[in-house]
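Visitor: Supplied in structure tokens, the structure appears directly below.
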Amino acid sequence: MKLCYTEKTDYDLAVMVASGNHDAFNVLLERYKNLVYSVVLRMINDKEEANDQAQEVFIKIYRHIEKYKPDYKFSTWVIRIATNHVIDFRRRSKNQMETGNLDDMEETVAATAPSPEDAYIAKEQTRMLTDAVESLPDMYKLPIVLYHQQGLSYQEISDVVGEPISKVKNRLFRARKILKENLVSIKRGESYV
């Protein structure tokens, strides 16, 4: 029976889900689970937590599916929900970390320990870039992740963040400039935090 669903458009499936069709939701889940997980993972950088948060995103999608309008691509709507969810999650996590204890912080630091010596340089460069991206404010980080890691166009990013294309381009330019400055500072041995 699912075979007939795979030929349906995302909007048709969304309408079916809104009317209580669980099989239609399973088709949407299959279509977008990799995209959602990828977006969440790039923003959280922890595989287990990304998996948990991606599931939370799909719960939100299911609960709010009736709000989807075909004015935008379904993937854009899904990415917007995922990014907003992760921003909220990070905000909550930051508040918890600020009130957390020293043992929790030590475990976090231990989890980011350097890699084995044979891959040290490559891993260190990747880590530095990841840290520099992580240090960006969300208004700059999100466009960088969506453009460079997810391959979205300026228009798609504009749809996701709800800002004009000119602002998206400006934020990408500013984010690249900040990243460059941070990476140059790191090479000089300065801190960018």
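How things are named: the first chain in the structure tokens is A, the next is B, and so on; residues count from 1 in each chain; ligands count from 1 in the order shown.
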Counting only C-alpha atoms, what is within 8 Å of stretch 51-53 of chain A, bar same-chain residues fewer than 2 positions away, as number ranges by chain?
Guide: A: 37, 40-41, 47-49, 55-57, 86
Visitor: Output all heavy atoms for every residue in the selection just made, as a compact mmCIF listing (two decimals), in the first residue's frame.
Guide:
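File produced: result13.txt:
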```txt
# COMPACT_ATOMS: atom_id res chain seq x y z
N TYR A 37 18.55 14.87 10.08
CA TYR A 37 19.68 14.42 10.90
C TYR A 37 20.95 15.20 10.54
O TYR A 37 21.69 15.63 11.41
CB TYR A 37 19.91 12.92 10.74
CG TYR A 37 21.10 12.43 11.52
CD1 TYR A 37 21.02 12.26 12.90
CD2 TYR A 37 22.31 12.14 10.89
CE1 TYR A 37 22.11 11.82 13.63
CE2 TYR A 37 23.39 11.70 11.61
CZ TYR A 37 23.30 11.54 12.98
OH TYR A 37 24.39 11.11 13.70
N VAL A 40 20.74 18.79 11.92
CA VAL A 40 20.88 18.79 13.37
C VAL A 40 22.31 18.45 13.78
O VAL A 40 22.89 19.11 14.65
CB VAL A 40 19.86 17.80 14.00
CG1 VAL A 40 20.11 17.63 15.49
CG2 VAL A 40 18.44 18.27 13.76
N LEU A 41 22.90 17.45 13.15
CA LEU A 41 24.26 17.04 13.49
C LEU A 41 25.26 18.17 13.24
O LEU A 41 26.15 18.41 14.05
CB LEU A 41 24.67 15.80 12.70
CG LEU A 41 26.09 15.28 12.96
CD1 LEU A 41 26.25 14.86 14.42
CD2 LEU A 41 26.40 14.11 12.04
N LYS A 47 26.75 12.95 17.67
CA LYS A 47 25.90 12.01 16.94
C LYS A 47 24.71 11.51 17.76
O LYS A 47 23.59 11.45 17.25
CB LYS A 47 26.73 10.82 16.45
CG LYS A 47 27.68 11.18 15.34
CD LYS A 47 28.48 9.99 14.88
CE LYS A 47 29.44 10.42 13.78
NZ LYS A 47 30.25 9.32 13.29
N GLU A 48 24.94 11.13 19.00
CA GLU A 48 23.84 10.60 19.81
C GLU A 48 22.80 11.69 20.08
O GLU A 48 21.60 11.45 19.96
CB GLU A 48 24.37 10.04 21.12
CG GLU A 48 25.10 8.72 20.95
CD GLU A 48 25.58 8.14 22.26
OE1 GLU A 48 24.89 8.31 23.28
OE2 GLU A 48 26.66 7.53 22.25
N GLU A 49 23.27 12.86 20.46
CA GLU A 49 22.34 13.96 20.74
C GLU A 49 21.62 14.38 19.47
O GLU A 49 20.43 14.71 19.50
CB GLU A 49 23.09 15.15 21.35
CG GLU A 49 22.18 16.20 21.92
CD GLU A 49 21.31 15.70 23.06
OE1 GLU A 49 21.85 15.13 24.02
OE2 GLU A 49 20.07 15.86 22.98
N GLN A 55 14.75 13.17 16.20
CA GLN A 55 13.46 12.55 16.51
C GLN A 55 12.48 13.59 17.06
O GLN A 55 11.30 13.59 16.70
CB GLN A 55 13.65 11.42 17.52
CG GLN A 55 14.37 10.22 16.93
CD GLN A 55 14.65 9.13 17.95
OE1 GLN A 55 14.03 9.07 18.99
NE2 GLN A 55 15.59 8.27 17.63
N GLU A 56 12.99 14.48 17.90
CA GLU A 56 12.15 15.56 18.43
C GLU A 56 11.65 16.46 17.30
O GLU A 56 10.51 16.93 17.34
CB GLU A 56 12.93 16.39 19.46
CG GLU A 56 13.26 15.65 20.73
CD GLU A 56 12.04 15.36 21.58
OE1 GLU A 56 11.11 16.18 21.61
OE2 GLU A 56 12.02 14.28 22.22
N VAL A 57 12.50 16.71 16.32
CA VAL A 57 12.10 17.53 15.18
C VAL A 57 10.94 16.87 14.45
O VAL A 57 9.96 17.54 14.09
CB VAL A 57 13.29 17.76 14.21
CG1 VAL A 57 12.83 18.34 12.88
CG2 VAL A 57 14.33 18.67 14.86
N VAL A 86 16.90 23.25 17.08
CA VAL A 86 18.27 23.15 17.57
C VAL A 86 18.68 24.44 18.29
O VAL A 86 19.35 24.39 19.33
CB VAL A 86 19.26 22.80 16.44
CG1 VAL A 86 20.70 22.90 16.91
CG2 VAL A 86 18.98 21.41 15.92
```
Visitor: Looking only at the backbone, which of the residues in chain A does DSSP tag as alpha helix (DSSP H), as number ranges by chain?
Guide: A: 2-6, 10-18, 22-44, 47-63, 74-99, 102-111, 120-135, 138-144, 154-161, 165-187
Visitor: Looking at only C-alpha atoms, which of A:Pro70, A:Lys169, A:Asn34, A:Leu28 is the one that sits closest to A:Tyr11?
Guide: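 Nearest to A:Tyr11: A:Pro70.
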Visitor: Which one is closest to A:Leu129: A:Ser158, A:Asn182, A:Asn45, A:Ser19? Count only C-alpha atoms.
Guide: A:Asn182
Visitor: Can you tell me how far atom CA of A:Lys177 sits from atom CA of A:Thr76, in Å to one decimal?
Guide: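 Pair atom CA of A:Lys177 / atom CA of A:Thr76 returns 26.3 Å.
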Visitor: What's the separation between atom CA of A:Ala54 and atom CA of A:Val39, in Å to one decimal place?
Guide: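 Distance reported for this atom pair: 8.8 Å.
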Visitor: Nearest to A:Val145 among A:Glu66, A:Ala14, A:Phe74, A:Leu172, with distances taken over only C-alpha atoms: which residue is it?
Guide: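 Checking each of A:Glu66, A:Ala14, A:Phe74, A:Leu172 against A:Val145, counting only C-alpha atoms, the winner is A:Leu172.
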Visitor: Show me, as a PyMOL selection string, the residues that have an atom within 9 Å of A:Val168 when counting only C-alpha atoms, minus same-chain residues fewer than 6 positions from it.
Guide: chain A and resi 140+143+154-155+157-158+161
Visitor: Those selected residues, please, written with N, CA and C atoms and delivered as a PDB file, in the first residue's frame.
Guide:
```pdb
ATOM      1  N   TYR A 140      24.878  34.090  12.340  1.00  0.00           N
ATOM      2  CA  TYR A 140      25.923  33.883  11.331  1.00  0.00           C
ATOM      3  C   TYR A 140      26.177  32.400  11.098  1.00  0.00           C
ATOM      4  N   PRO A 143      23.424  30.482   8.533  1.00  0.00           N
ATOM      5  CA  PRO A 143      23.639  30.592   7.087  1.00  0.00           C
ATOM      6  C   PRO A 143      24.893  29.850   6.596  1.00  0.00           C
ATOM      7  N   TYR A 154      20.855  30.762  -1.761  1.00  0.00           N
ATOM      8  CA  TYR A 154      20.526  31.969  -0.992  1.00  0.00           C
ATOM      9  C   TYR A 154      19.017  32.058  -0.757  1.00  0.00           C
ATOM     10  N   GLN A 155      18.237  31.747  -1.798  1.00  0.00           N
ATOM     11  CA  GLN A 155      16.779  31.832  -1.670  1.00  0.00           C
ATOM     12  C   GLN A 155      16.260  30.836  -0.639  1.00  0.00           C
ATOM     13  N   ILE A 157      17.897  29.562   1.901  1.00  0.00           N
ATOM     14  CA  ILE A 157      18.300  30.037   3.231  1.00  0.00           C
ATOM     15  C   ILE A 157      17.398  31.180   3.662  1.00  0.00           C
ATOM     16  N   SER A 158      17.098  32.071   2.737  1.00  0.00           N
ATOM     17  CA  SER A 158      16.198  33.184   3.019  1.00  0.00           C
ATOM     18  C   SER A 158      14.847  32.670   3.503  1.00  0.00           C
ATOM     19  N   VAL A 161      15.351  31.105   7.186  1.00  0.00           N
ATOM     20  CA  VAL A 161      15.564  32.051   8.293  1.00  0.00           C
ATOM     21  C   VAL A 161      14.558  33.185   8.307  1.00  0.00           C
TER      22      VAL A 161
END
```
Visitor: Which of these, A:His22, A:Arg171, A:Lys60, A:Arg176, has the shortest distance to A:Asp138 once you count only C-alpha atoms?
Guide: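 Comparing A:His22, A:Arg171, A:Lys60, A:Arg176 against A:Asp138, the winner is A:Arg171.
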Visitor: Atom CA of A:Thr9 and atom CA of A:Glu156 are how many Å apart?
Guide: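 Computing the Euclidean distance for atom CA of A:Thr9 and atom CA of A:Glu156 yields 18.8 Å.
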Visitor: Name the residues in contact with A:Asp131 at a cut-off of 10 Å, using only C-alpha atoms, excluding same-chain residues fewer than 3 positions from it; report them as a list in words.
Guide: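 Returned residues: Gln125, Thr126, Arg127, Met128, Glu134, Ser135, Leu136, Leu179, Asn182, Leu183 and Tyr192 of chain A.
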Visitor: Please produce a file of those selected residues containing all heavy atoms, as a compact mmCIF listing (two decimals), in the first residue's frame.
Guide:
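Okay, selection-v5.txt is ready:
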```txt
# COMPACT_ATOMS: atom_id res chain seq x y z
N GLN A 125 42.97 20.47 12.40
CA GLN A 125 42.44 21.48 11.49
C GLN A 125 40.93 21.44 11.42
O GLN A 125 40.26 22.47 11.45
CB GLN A 125 43.05 21.31 10.09
CG GLN A 125 44.50 21.69 10.02
CD GLN A 125 45.13 21.36 8.68
OE1 GLN A 125 44.64 20.51 7.94
NE2 GLN A 125 46.23 22.02 8.39
N THR A 126 40.39 20.22 11.36
CA THR A 126 38.94 20.07 11.35
C THR A 126 38.34 20.59 12.64
O THR A 126 37.33 21.29 12.64
CB THR A 126 38.56 18.58 11.14
OG1 THR A 126 39.11 18.14 9.91
CG2 THR A 126 37.06 18.39 11.15
N ARG A 127 38.97 20.28 13.74
CA ARG A 127 38.49 20.73 15.05
C ARG A 127 38.52 22.25 15.15
O ARG A 127 37.58 22.88 15.64
CB ARG A 127 39.32 20.12 16.18
CG ARG A 127 38.77 20.45 17.57
CD ARG A 127 39.74 20.12 18.69
NE ARG A 127 40.99 20.84 18.61
CZ ARG A 127 41.15 22.12 18.94
NH1 ARG A 127 40.14 22.84 19.35
NH2 ARG A 127 42.34 22.70 18.85
N MET A 128 39.61 22.83 14.67
CA MET A 128 39.71 24.29 14.74
C MET A 128 38.62 24.96 13.92
O MET A 128 37.99 25.93 14.36
CB MET A 128 41.10 24.76 14.26
CG MET A 128 42.19 24.46 15.25
SD MET A 128 43.84 25.15 14.89
CE MET A 128 43.95 25.20 13.14
N GLU A 134 31.38 26.88 15.48
CA GLU A 134 30.57 26.79 16.70
C GLU A 134 30.56 28.10 17.47
O GLU A 134 29.58 28.43 18.14
CB GLU A 134 31.07 25.66 17.60
CG GLU A 134 30.71 24.28 17.14
CD GLU A 134 29.23 24.00 17.20
OE1 GLU A 134 28.57 24.38 18.18
OE2 GLU A 134 28.72 23.40 16.24
N SER A 135 31.67 28.84 17.40
CA SER A 135 31.76 30.08 18.17
C SER A 135 30.96 31.23 17.55
O SER A 135 30.74 32.24 18.20
CB SER A 135 33.23 30.50 18.31
OG SER A 135 33.73 30.99 17.08
N LEU A 136 30.53 31.05 16.32
CA LEU A 136 29.75 32.10 15.66
C LEU A 136 28.39 32.26 16.33
O LEU A 136 27.78 31.27 16.74
CB LEU A 136 29.52 31.75 14.18
CG LEU A 136 30.71 31.79 13.24
CD1 LEU A 136 30.32 31.22 11.88
CD2 LEU A 136 31.22 33.20 13.09
N LEU A 179 35.13 34.10 10.64
CA LEU A 179 35.85 32.82 10.64
C LEU A 179 37.31 33.01 10.25
O LEU A 179 38.21 32.45 10.87
CB LEU A 179 35.18 31.83 9.69
CG LEU A 179 33.89 31.18 10.18
CD1 LEU A 179 33.25 30.36 9.07
CD2 LEU A 179 34.15 30.32 11.41
N ASN A 182 39.15 34.62 13.11
CA ASN A 182 39.34 33.66 14.20
C ASN A 182 40.42 32.64 13.88
O ASN A 182 41.25 32.33 14.73
CB ASN A 182 38.02 32.92 14.50
CG ASN A 182 37.00 33.81 15.17
OD1 ASN A 182 37.31 34.91 15.61
ND2 ASN A 182 35.78 33.33 15.23
N LEU A 183 40.44 32.14 12.65
CA LEU A 183 41.44 31.14 12.27
C LEU A 183 42.84 31.75 12.20
O LEU A 183 43.81 31.11 12.59
CB LEU A 183 41.05 30.47 10.96
CG LEU A 183 39.80 29.58 11.05
CD1 LEU A 183 39.35 29.13 9.67
CD2 LEU A 183 40.02 28.40 11.97
N TYR A 192 40.21 33.22 20.29
CA TYR A 192 39.15 33.94 19.60
C TYR A 192 37.91 34.02 20.46
O TYR A 192 36.90 34.54 20.04
CB TYR A 192 38.82 33.28 18.25
CG TYR A 192 38.37 31.86 18.34
CD1 TYR A 192 37.03 31.54 18.52
CD2 TYR A 192 39.29 30.84 18.23
CE1 TYR A 192 36.63 30.22 18.60
CE2 TYR A 192 38.90 29.52 18.32
CZ TYR A 192 37.57 29.23 18.49
OH TYR A 192 37.16 27.92 18.57
```
Visitor: What's around A:Phe25 at 9 Å? Count only C-alpha atoms, leave out sequence neighbours fewer than 6 positions away in its own chain, and write the answer as an NGL selection string.
Guide: :A and (13-14 or 16-17 or 62)
